[in-house]
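These notes are about the structure you will find just below.
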Amino acid sequence: MNGKDVMLALKSKLDVKTDTELASRLGVTSASVTYWNNRPNVTSTQFASLLYKAYITATKKLHVTAIRPIVEFYKIQMCQSSQRAQNEVFSIRDTRGINPFKEGLKNDLDNSHGVYVFFDSRGKAIYAGKAKRQSIWTEMNLAFNRSRGRVQKIKRIDYPESRVAYKTAEEKSRQIKNIEIPIHELAAYISAYHVVDGMIDELEALLVRSFANDLINIKMERFKQQRKRKRKKKR
């Protein structure tokens, strides 16, 4: 095979149009691509060397782009969704109309997969979750409203919400008891990170297992090898 055929085949496989784009993906210079295009014959050793350079370049790129912070310790400003079906972590609108920063942040969250963390008012992590099938924005808001009665209870008094006459503690005592509360009553800040799909499960497992005594997550997430062993045992 000749060099030009090799370069054309790589352009097709990598879905790039120009020699400059191809050079970037392969980890070589544009001059090298031109040199390859003019090669009448390509040996197996030369082709293997090119593939190795491409592999090293892809690995380095993955190290840089695998995890990208979207927002960190962003203060929650709870509001109702446009259909008033659920609470959301913030609204893109303020007193002056659409806030460009909030709109951009929501769009980024709505177009990203990855992991997210809720923090309480002290900045202490209380819940970590992943968004793999749905966007971070969608998954984050679902968790924000989710019922979690088994682990998400605090001591409170169940005061009446209807229009009844006030009675002092001497007239009517109220029992302090465990009351279930959603995350939106506890969370004060959020952090979110875009993560490449192949690492989302592992990163969520790392977060949950690292802060197991702080988070209110019900499920103790497993790493890939642990998940494989568990499936084998079930069989």
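Labeling convention for the structure tokens: chains A, B, ... as they appear, residues from 1 per chain, ligands from 1 in order of appearance.
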| task | Determine, counting only C-alpha atoms, which protein, DNA and RNA residues have an atom within 12 Å of an atom of Ala58 in chain A; residues of the same chain fewer than 6 positions away are not included. Present the result as a ChimeraX atom specification. | result | /A:14,24-28,51-52,64-66
Taking a cut-off of 8 Å and counting only C-alpha atoms, can you build a table that, for each residue of range 184-219 of chain A near range 102-121 of chain A, reports the nearest atom pair and how far apart they are in Å (one decimal), sorted by chain then residue number, as a tab-separated table?
```
residue	atom	partner	partner_atom	distance
A:Leu186	CA	A:Asp120	CA	5.8
A:Ala187	CA	A:Asp120	CA	4.6
A:Ala188	CA	A:Asp120	CA	4.9
A:Tyr189	CA	A:Phe119	CA	5.0
A:Ile190	CA	A:Phe118	CA	4.7
A:Ser191	CA	A:Val117	CA	5.2
A:Ala192	CA	A:Tyr116	CA	4.2
A:Tyr193	CA	A:Val115	CA	5.5
A:His194	CA	A:Gly114	CA	4.5
A:Val195	CA	A:Gly114	CA	4.4
A:Val196	CA	A:Gly114	CA	7.0
A:Asp197	CA	A:His113	CA	7.1
A:Ile200	CA	A:Gly114	CA	5.6
A:Leu203	CA	A:Val115	CA	7.5
A:Glu204	CA	A:Val115	CA	6.4
```
Output C-alpha atoms for every residue in that selection, as a PDB file, in the first residue's frame.
```pdb
ATOM      1  CA  LEU A 186     -30.637  20.187  52.980  1.00  0.00           C
ATOM      2  CA  ALA A 187     -28.585  21.239  49.971  1.00  0.00           C
ATOM      3  CA  ALA A 188     -27.060  24.705  49.723  1.00  0.00           C
ATOM      4  CA  TYR A 189     -24.373  24.269  47.032  1.00  0.00           C
ATOM      5  CA  ILE A 190     -23.692  22.092  43.999  1.00  0.00           C
ATOM      6  CA  SER A 191     -20.629  20.993  42.059  1.00  0.00           C
ATOM      7  CA  ALA A 192     -20.770  19.253  38.685  1.00  0.00           C
ATOM      8  CA  TYR A 193     -18.139  17.711  36.430  1.00  0.00           C
ATOM      9  CA  HIS A 194     -18.298  16.561  32.828  1.00  0.00           C
ATOM     10  CA  VAL A 195     -16.762  13.074  32.626  1.00  0.00           C
ATOM     11  CA  VAL A 196     -16.147  10.847  29.599  1.00  0.00           C
ATOM     12  CA  ASP A 197     -18.761   8.088  29.531  1.00  0.00           C
ATOM     13  CA  ILE A 200     -18.567   7.967  35.002  1.00  0.00           C
ATOM     14  CA  LEU A 203     -15.679   8.207  39.429  1.00  0.00           C
ATOM     15  CA  GLU A 204     -19.068   7.981  41.145  1.00  0.00           C
TER      16      GLU A 204
END
```
| field | Nearest-residue call for Ser30 in chain A, choices A:Leu206, A:Met7, A:Ile176, A:Ala125, using only C-alpha atoms | value | A:Met7
| request: Determine which residues of range 107-176 of chain A receive a DSSP assignment of strand (DSSP E or B), computed from the backbone, and state them as a ChimeraX atom specification. | output: /A:114-119,125-131,153-157,176
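Considering only C-alpha atoms, the residue among A:Ala205, A:Asn37, A:Ile56, A:Cys79 positioned nearest to Lys219 in chain A is A:Ala205.
Straight-line separation from CA of Arg68 in chain A to CA of Lys17 in chain A: 27.0 Å.
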| task | Write out as an NGL selection string all residues of range 26-184 of chain A that backbone DSSP assigns to alpha helix (DSSP H). | result | :A and (26 or 30-37 or 44-65 or 100-110 or 136-145)
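Shortest separation to Val6 in chain A among A:Leu22, A:Ala212, A:Val42, A:Ile76 occurs at residue A:Val42, atoms counted being only C-alpha atoms.
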| Which residues come within 12 Å of range 220-222 of chain A, counting only C-alpha atoms, excluding same-chain residues fewer than 6 positions away, as a list in words? | Tyr127, Ala128, Gly129, Lys130, Ile200, Asp201, Glu202, Leu203, Glu204, Ala205, Leu206, Leu207, Val208, Arg209, Ser210, Phe211, Ala212, Asn213, Lys228, Arg229, Lys230 and Arg231 of chain A
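The gap separating CA of Ala54 in chain A from CA of Asp15 in chain A is 14.6 Å, in Å to one decimal.
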| task | For CA of Lys124 in chain A and CA of Arg93 in chain A, quote the distance in Å rounded to one decimal. | result | 27.6 Å
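Closest approach to Thr34 in chain A among A:Ile136, A:Leu8, A:Ile126, A:Ile216: A:Leu8, based on only C-alpha atoms.
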| query | Pick the closest to Glu21 in chain A from A:Val33, A:Thr45, A:Ser91, A:Ala143: which is it, counting only C-alpha atoms? | reply | A:Val33
